[in-house]
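Engineer: my_file_11.tsv is the file, holding TSV, C-alpha atoms and all ligand atoms:
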chain	number	residue	atom	x	y	z
C	259	MET	CA	14.55	-2.06	1.17
C	260	LEU	CA	12.75	0.90	2.81
C	261	HIS	CA	11.72	3.76	0.53
C	262	VAL	CA	10.27	6.84	2.22
C	263	LEU	CA	8.35	9.13	-0.12
C	264	ASP	CA	10.20	12.39	-0.63
C	265	HIS	CA	7.80	14.81	-2.29
C	266	PRO	CA	6.47	18.14	-1.02
C	267	LEU	CA	2.95	17.19	-2.11
C	268	GLY	CA	3.29	13.94	-0.16
C	269	ALA	CA	4.26	15.89	2.97
C	270	HIS	CA	1.32	18.28	2.46
C	271	ILE	CA	-1.20	15.45	2.04
C	272	LEU	CA	0.20	13.57	5.02
C	273	THR	CA	-0.12	16.61	7.28
C	274	ARG	CA	-3.78	16.94	6.33
C	275	LEU	CA	-4.34	13.21	6.92
C	276	ARG	CA	-2.79	13.48	10.37
C	277	ASP	CA	-4.98	16.46	11.33
C	278	ARG	CA	-7.73	15.15	13.63
C	279	ALA	CA	-10.06	17.83	12.22
C	280	THR	CA	-9.98	16.30	8.71
C	281	PRO	CA	-13.42	14.71	8.12
C	282	PRO	CA	-13.90	11.31	6.38
C	283	ALA	CA	-14.86	12.81	3.00
C	284	ALA	CA	-11.60	14.79	2.80
C	285	PHE	CA	-9.65	11.93	4.40
C	286	ARG	CA	-10.71	9.55	1.60
C	287	ILE	CA	-9.55	11.98	-1.11
C	288	LEU	CA	-6.22	12.55	0.64
C	289	ALA	CA	-5.73	8.79	1.02
C	290	TYR	CA	-6.36	8.43	-2.72
C	291	GLN	CA	-3.89	11.20	-3.53
C	292	VAL	CA	-1.00	9.93	-1.42
C	293	SER	CA	-1.62	6.38	-2.66
C	294	LEU	CA	-1.30	7.67	-6.22
C	295	LEU	CA	2.13	9.11	-5.43
C	296	LEU	CA	3.12	5.83	-3.75
C	297	ALA	CA	1.80	3.75	-6.67
C	298	LEU	CA	4.10	5.66	-9.02
C	299	GLU	CA	7.10	5.11	-6.72
C	300	ALA	CA	6.42	1.39	-6.27
C	301	THR	CA	6.22	0.83	-10.03
C	302	ARG	CA	9.13	3.04	-11.07
C	303	ASP	CA	11.26	0.01	-12.03
C	304	LEU	CA	8.61	-2.08	-13.82
C	305	THR	CA	9.98	-3.88	-16.84
C	306	THR	CA	8.96	-2.74	-20.28
C	307	ARG	CA	9.29	-4.19	-23.76
C	308	ASP	CA	9.74	-2.44	-27.08
C	309	GLN	CA	6.70	-1.87	-29.23
C	310	VAL	CA	6.66	-0.26	-32.65
C	311	VAL	CA	3.93	2.32	-33.21
C	312	GLU	CA	3.29	4.81	-35.96
C	313	THR	CA	2.76	8.37	-34.94
C	314	PRO	CA	0.85	10.50	-37.47
C	315	LEU	CA	4.33	11.43	-38.79
C	316	GLU	CA	6.61	8.42	-38.55
C	317	LYS	CA	7.31	5.00	-37.09
C	318	ILE	CA	8.99	4.78	-33.65
C	319	VAL	CA	9.98	2.11	-31.16
C	320	GLY	CA	8.09	2.88	-27.97
C	321	ARG	CA	7.91	0.96	-24.68
C	322	VAL	CA	4.96	-0.74	-23.05
C	323	LEU	CA	4.59	-2.46	-19.70
C	324	ALA	CA	5.80	-6.05	-19.85
C	325	LYS	CA	4.87	-7.52	-16.48
C	326	PRO	CA	1.37	-8.07	-15.10
C	327	LEU	CA	0.52	-6.52	-11.75
C	328	ALA	CA	-1.67	-7.53	-8.86
C	329	VAL	CA	-2.69	-5.28	-5.99
C	330	VAL	CA	-3.81	-6.81	-2.71
C	331	PRO	CA	-5.40	-4.53	-0.11
C	332	ILE	CA	-5.45	-5.71	3.49
C	333	LEU	CA	-9.08	-5.17	4.49
C	334	ARG	CA	-10.51	-2.97	5.51
C	335	ALA	CA	-8.31	0.14	5.52
C	336	GLY	CA	-6.26	-1.01	2.52
C	337	LEU	CA	-9.33	-0.54	0.32
C	338	GLY	CA	-8.72	3.21	0.53
C	339	MET	CA	-5.49	2.74	-1.46
C	340	VAL	CA	-6.68	0.57	-4.35
C	341	GLN	CA	-8.27	3.08	-6.73
C	342	PRO	CA	-5.03	4.73	-7.95
C	343	PHE	CA	-3.69	1.30	-8.91
C	344	THR	CA	-6.78	0.30	-10.87
C	345	GLU	CA	-6.84	3.68	-12.60
C	346	LEU	CA	-3.14	3.78	-13.52
C	347	PHE	CA	-2.96	0.07	-14.41
C	348	PRO	CA	-6.33	-0.97	-15.88
C	349	ASP	CA	-5.14	-4.55	-16.37
C	350	VAL	CA	-4.21	-4.99	-12.69
C	351	SER	CA	-5.71	-7.98	-10.86
C	352	VAL	CA	-7.10	-7.30	-7.40
C	353	GLY	CA	-6.95	-9.75	-4.50
C	354	TYR	CA	-8.21	-9.32	-0.96
C	355	VAL	CA	-6.84	-10.37	2.40
C	356	GLY	CA	-9.07	-9.62	5.39
C	357	LEU	CA	-7.23	-9.16	8.68
C	358	GLU	CA	-8.35	-7.48	11.87
C	359	ARG	CA	-6.22	-6.66	14.90
C	360	ASP	CA	-7.57	-7.74	18.25
C	361	HIS	CA	-8.23	-4.60	20.29
C	362	VAL	CA	-6.46	-5.99	23.35
C	363	THR	CA	-3.57	-8.05	21.98
C	364	ALA	CA	-3.07	-6.17	18.66
C	365	VAL	CA	-2.60	-9.57	17.01
C	366	ALA	CA	-4.27	-9.77	13.60
C	367	ARG	CA	-6.94	-12.40	12.92
C	368	SER	CA	-7.66	-13.56	9.37
C	369	TYR	CA	-11.33	-13.45	8.28
C	370	TYR	CA	-11.31	-13.34	4.47
C	371	GLN	CA	-9.16	-14.20	1.47
C	372	LYS	CA	-9.81	-14.03	-2.28
C	373	LEU	CA	-6.82	-14.01	-4.60
C	374	PRO	CA	-6.19	-14.05	-8.35
C	375	PRO	CA	-3.34	-16.18	-9.79
C	376	LEU	CA	-0.14	-14.55	-8.51
C	377	ALA	CA	2.72	-16.38	-10.24
C	378	GLY	CA	4.71	-14.18	-12.61
C	379	LYS	CA	3.15	-10.95	-11.35
C	380	ARG	CA	4.44	-8.06	-9.30
C	381	VAL	CA	2.17	-8.32	-6.28
C	382	ILE	CA	1.74	-5.08	-4.37
C	383	VAL	CA	0.23	-5.33	-0.89
C	384	VAL	CA	-1.40	-2.10	0.22
C	385	ASP	CA	-2.17	-1.26	3.82
C	386	PRO	CA	-2.05	2.31	5.10
C	387	MET	CA	-0.68	1.52	8.57
C	388	LEU	CA	2.39	-0.60	9.34
C	389	ALA	CA	2.35	-0.71	13.16
C	390	THR	CA	3.65	-3.95	14.75
C	391	GLY	CA	3.93	-5.40	11.26
C	392	GLY	CA	1.84	-8.42	12.27
C	393	SER	CA	-0.83	-7.84	9.61
C	394	ALA	CA	1.65	-7.18	6.81
C	395	VAL	CA	3.77	-10.22	7.68
C	396	GLN	CA	0.66	-12.45	7.76
C	397	ALA	CA	-0.51	-11.13	4.41
C	398	LEU	CA	2.92	-11.56	2.83
C	399	ASP	CA	3.11	-15.12	4.23
C	400	VAL	CA	-0.25	-15.94	2.60
C	401	LEU	CA	0.73	-14.44	-0.74
C	402	ARG	CA	4.08	-16.23	-0.78
C	403	ALA	CA	2.28	-19.52	-0.02
C	404	GLU	CA	-0.13	-18.78	-2.91
C	405	GLY	CA	2.72	-18.48	-5.40
C	406	ALA	CA	3.77	-14.81	-5.36
C	407	THR	CA	7.50	-14.41	-5.97
C	408	GLU	CA	7.79	-10.65	-6.48
C	409	LEU	CA	6.18	-8.94	-3.50
C	410	PHE	CA	6.08	-5.25	-2.63
C	411	LEU	CA	4.50	-3.54	0.40
C	412	VAL	CA	3.04	-0.03	0.16
C	413	CYS	CA	1.98	1.83	3.32
C	414	ILE	CA	1.15	5.41	4.21
C	415	VAL	CA	2.48	5.58	7.79
C	416	SER	CA	5.00	3.09	9.18
C	417	ALA	CA	6.50	2.51	12.60
C	418	PRO	CA	10.11	1.35	12.99
C	419	GLU	CA	8.83	-1.79	14.78
C	420	GLY	CA	6.71	-2.75	11.77
C	421	VAL	CA	9.49	-2.12	9.29
C	422	ARG	CA	11.82	-4.32	11.36
C	423	ALA	CA	9.22	-7.12	11.55
C	424	VAL	CA	8.68	-7.14	7.77
C	425	GLU	CA	12.39	-6.93	7.07
C	426	ALA	CA	13.02	-9.88	9.41
C	427	ALA	CA	10.28	-12.10	7.95
C	428	HIS	CA	10.47	-11.00	4.30
C	429	PRO	CA	13.89	-9.44	3.70
C	430	SER	CA	13.43	-9.31	-0.08
C	431	VAL	CA	10.22	-7.25	0.03
C	432	PRO	CA	10.68	-3.55	-0.74
C	433	ILE	CA	8.60	-1.31	1.53
C	434	PHE	CA	7.30	2.01	0.22
C	435	THR	CA	5.88	4.40	2.80
C	436	ALA	CA	4.89	8.05	2.86
C	437	ALA	CA	6.19	8.46	6.43
C	438	LEU	CA	8.38	6.65	8.92
C	439	ASP	CA	7.05	7.65	12.34
C	440	ARG	CA	8.65	7.57	15.80
C	441	GLU	CA	7.26	4.59	17.71
C	442	LEU	CA	4.23	2.64	18.90
C	443	ASN	CA	2.29	3.49	22.04
C	444	ALA	CA	1.26	0.92	24.68
C	445	LYS	CA	-1.85	0.04	22.61
C	446	LYS	CA	0.31	-0.49	19.49
C	447	TYR	CA	-0.89	2.66	17.75
C	448	ILE	CA	1.64	4.64	15.75
C	449	LEU	CA	2.98	7.91	17.22
C	450	PRO	CA	2.49	10.58	16.02
C	451	GLY	CA	0.50	8.60	13.45
C	452	LEU	CA	-2.96	9.61	12.40
C	453	GLY	CA	-5.17	7.45	14.63
C	454	ASP	CA	-7.23	4.53	13.37
C	455	PHE	CA	-7.07	4.75	9.59
C	456	GLY	CA	-10.06	2.50	8.92
C	457	ASP	CA	-12.26	4.40	11.35
C	458	ARG	CA	-11.25	7.76	9.87
C	459	LEU	CA	-11.71	6.49	6.29
C	460	TYR	CA	-15.17	5.13	6.88
C	461	GLY	CA	-16.40	7.36	9.71
C	462	THR	CA	-16.83	4.50	12.20
Y	1	LIG	C1	-5.04	-1.67	10.90
Y	1	LIG	C2	-4.25	-1.32	9.66
Y	1	LIG	C3	-3.38	-2.51	9.46
Y	1	LIG	C4	-3.08	-2.93	10.87
Y	1	LIG	C5	-1.70	-2.51	11.23
Y	1	LIG	O1	-6.09	-2.50	10.58
Y	1	LIG	O2	-5.06	-1.03	8.56
Y	1	LIG	O3	-4.01	-3.56	8.74
Y	1	LIG	O4	-4.06	-2.30	11.71
Y	1	LIG	O5	-1.33	-2.97	12.46
Y	1	LIG	P1	-0.19	-4.05	12.69
Y	1	LIG	O6	0.97	-3.63	11.85
Y	1	LIG	O7	0.09	-3.94	14.16
Y	1	LIG	O8	-0.73	-5.38	12.31
Y	1	LIG	P2	-7.15	-3.03	11.65
Y	1	LIG	O9	-6.74	-4.36	12.16
Y	1	LIG	O10	-7.42	-1.97	12.66
Y	1	LIG	O11	-8.43	-3.30	10.75
Y	1	LIG	P3	-9.28	-2.34	9.80
Y	1	LIG	O12	-8.44	-2.06	8.59
Y	1	LIG	O13	-10.47	-3.18	9.52
Y	1	LIG	O14	-9.60	-1.09	10.57
Y	2	LIG	N1	-3.86	0.71	12.84
Y	2	LIG	C1	-4.25	1.99	12.66
Y	2	LIG	O1	-5.25	2.25	11.97
Y	2	LIG	N2	-3.53	2.95	13.25
Y	2	LIG	C2	-2.44	2.71	14.00
Y	2	LIG	O2	-1.81	3.66	14.51
Y	2	LIG	C3	-2.05	1.37	14.18
Y	2	LIG	C4	-2.78	0.38	13.57
The structure in this file should be written as structure tokens.
Ligand code: PRP
Ligand code: URA

Structural biologist:
Amino acid sequence: MLHVLDHPLGAHILTRLRDRATPPAAFRILAYQVSLLLALEATRDLTTRDQVVETPLEKIVGRVLAKPLAVVPILRAGLGMVQPFTELFPDVSVGYVGLERDHVTAVARSYYQKLPPLAGKRVIVVDPMLATGGSAVQALDVLRAEGATELFLVCIVSAPEGVRAVEAAHPSVPIFTAALDRELNAKKYILPGLGDFGDRLYGT
């Protein structure tokens, strides 16, 4: 269920995101750009239905999207990935799950939740960093409990540990990531990674 983005532009953007010299203003644009590529990948198999339209010359049977979408960023860093989804899919519903990792234990604590109705929708969780997988698993647990049946996870950088944790807890959830990195360090940061995504996104 793991899909690693394979696109030269994705590799280019990722290298610039990883560069410690990239300032927040550029970092935000790069996060938007790679999230756009990932949004297209994670919706490649969306169902469509036929719709008849008339071109200026003749009638044709076209296709339109048939299934509603919801995107759920894990606050705070996930916010940096939402815009491509709302631009590409104007009818998308947006929910929020607020989770913050403890600096010592790396265990995520829930502090906020606001969700639209989820039944019958493809629900795409966005979080740039999949490290231990604790945050993603918690968010997926919440969404499942709230009625989501078709869940996807979209990340920018993933660690093997995080992928394994999500696969163990939610084996049916496809994971889309721009990079699968080597490992976690002792503080549960991804190596080589790109540092603290939220801090780099918002300049904290
Ligand atoms: C980061 C990141 C993920 C989480 C990943 O968020 O955005 O949500 O850590 O780590 P995990 O896989 O080990 O759970 P953080 O908790 O630092 O909060 P922030 O987005 O507010 O910076
Ligand atoms: N969260 C981040 O922002 N970066 C990591 O490497 C791990 C968790």

Engineer: Quick one, how far is CA of Ala423 in chain C from atom N1 of ligand LIG 2 (chain Y)?

Structural biologist: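 Interatomic distance, CA of Ala423 in chain C to atom N1 of ligand LIG 2 (chain Y): 15.3 Å.
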
Engineer: For a quick check of understanding, using only C-alpha atoms, which of C:Gly320, C:Pro282, C:Gly378, C:Pro348 has the smallest distance to Asp308 in chain C?

Structural biologist: C:Gly320

Engineer: Give as a tab-separated table (two decimals) with C-alpha atoms, in the frame of the given file every residue, naming chains and numbers as the document does, that has an atom within 12 Å of (9.6, -0.2, -5.1), counting all atoms listed in the file.

Structural biologist:
chain	number	residue	atom	x	y	z
C	259	MET	CA	14.55	-2.06	1.17
C	260	LEU	CA	12.75	0.90	2.81
C	261	HIS	CA	11.72	3.76	0.53
C	262	VAL	CA	10.27	6.84	2.22
C	263	LEU	CA	8.35	9.13	-0.12
C	295	LEU	CA	2.13	9.11	-5.43
C	296	LEU	CA	3.12	5.83	-3.75
C	297	ALA	CA	1.80	3.75	-6.67
C	298	LEU	CA	4.10	5.66	-9.02
C	299	GLU	CA	7.10	5.11	-6.72
C	300	ALA	CA	6.42	1.39	-6.27
C	301	THR	CA	6.22	0.83	-10.03
C	302	ARG	CA	9.13	3.04	-11.07
C	303	ASP	CA	11.26	0.01	-12.03
C	304	LEU	CA	8.61	-2.08	-13.82
C	380	ARG	CA	4.44	-8.06	-9.30
C	381	VAL	CA	2.17	-8.32	-6.28
C	382	ILE	CA	1.74	-5.08	-4.37
C	383	VAL	CA	0.23	-5.33	-0.89
C	408	GLU	CA	7.79	-10.65	-6.48
C	409	LEU	CA	6.18	-8.94	-3.50
C	410	PHE	CA	6.08	-5.25	-2.63
C	411	LEU	CA	4.50	-3.54	0.40
C	412	VAL	CA	3.04	-0.03	0.16
C	413	CYS	CA	1.98	1.83	3.32
C	430	SER	CA	13.43	-9.31	-0.08
C	431	VAL	CA	10.22	-7.25	0.03
C	432	PRO	CA	10.68	-3.55	-0.74
C	433	ILE	CA	8.60	-1.31	1.53
C	434	PHE	CA	7.30	2.01	0.22
C	435	THR	CA	5.88	4.40	2.80

Engineer: Please check which protein, DNA or RNA residues sit within 10 Å of ligand LIG 1 (chain Y), counting all atoms listed in the file, and write them as a count of residues only.

Structural biologist: 59

Engineer: Axis-aligned box over every listed atom of ligand LIG 2 (chain Y), padded by 6 Å per side: centre and edges in Å to one decimal, as AutoDock Vina command-line options?

Structural biologist:
--center_x -3.5 --center_y 2.0 --center_z 13.2 --size_x 15.4 --size_y 15.3 --size_z 14.5

Engineer: I need the residue nearest Ser293 in chain C from this list: C:Gln371, C:Thr273, C:Ala436, C:Pro266. Use all atoms listed in the file for the distance.

Structural biologist: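 That would be C:Ala436, the residue with the smallest distance to Ser293 in chain C.
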
Engineer: Excluding Gln341 in chain C and residues on its chain fewer than 3 positions from it, collect all residues at most 7 Å away from it, counting all atoms listed in the file, and give them as number ranges by chain.

Structural biologist: C: 290, 344-345

Engineer: Which of these residues is nearest to Pro342 in chain C, using all atoms listed in the file: C:Ala403, C:Ala427, C:Val311, C:Ala289?

Structural biologist: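 Of C:Ala403, C:Ala427, C:Val311, C:Ala289, the one nearest Pro342 in chain C, counting all atoms listed in the file, is C:Ala289.
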
Engineer: Considering all atoms listed in the file, can you say which of C:Arg276, C:Lys325, C:His270, C:His265 comes closest to ligand LIG 2 (chain Y)?

Structural biologist: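 Nearest candidate to ligand LIG 2 (chain Y) out of C:Arg276, C:Lys325, C:His270, C:His265: C:Arg276.
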
Engineer: One decimal, Å: what's the distance from CA of Asp399 in chain C over to CA of Leu327 in chain C, could you say?

Structural biologist: 18.3 Å

Engineer: In terms of the shortest atom-to-atom distance over all atoms listed in the file, which of C:Met339, C:Leu438, C:Leu323, C:Ala426 is closest to Gln291 in chain C?

Structural biologist: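 Comparing C:Met339, C:Leu438, C:Leu323, C:Ala426 against Gln291 in chain C, the winner is C:Met339.
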
Engineer: For CA of Leu376 in chain C and CA of Glu425 in chain C, quote the distance in Å rounded to one decimal.

Structural biologist: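 Computed distance, CA of Leu376 in chain C to CA of Glu425 in chain C, equals 21.4 Å.
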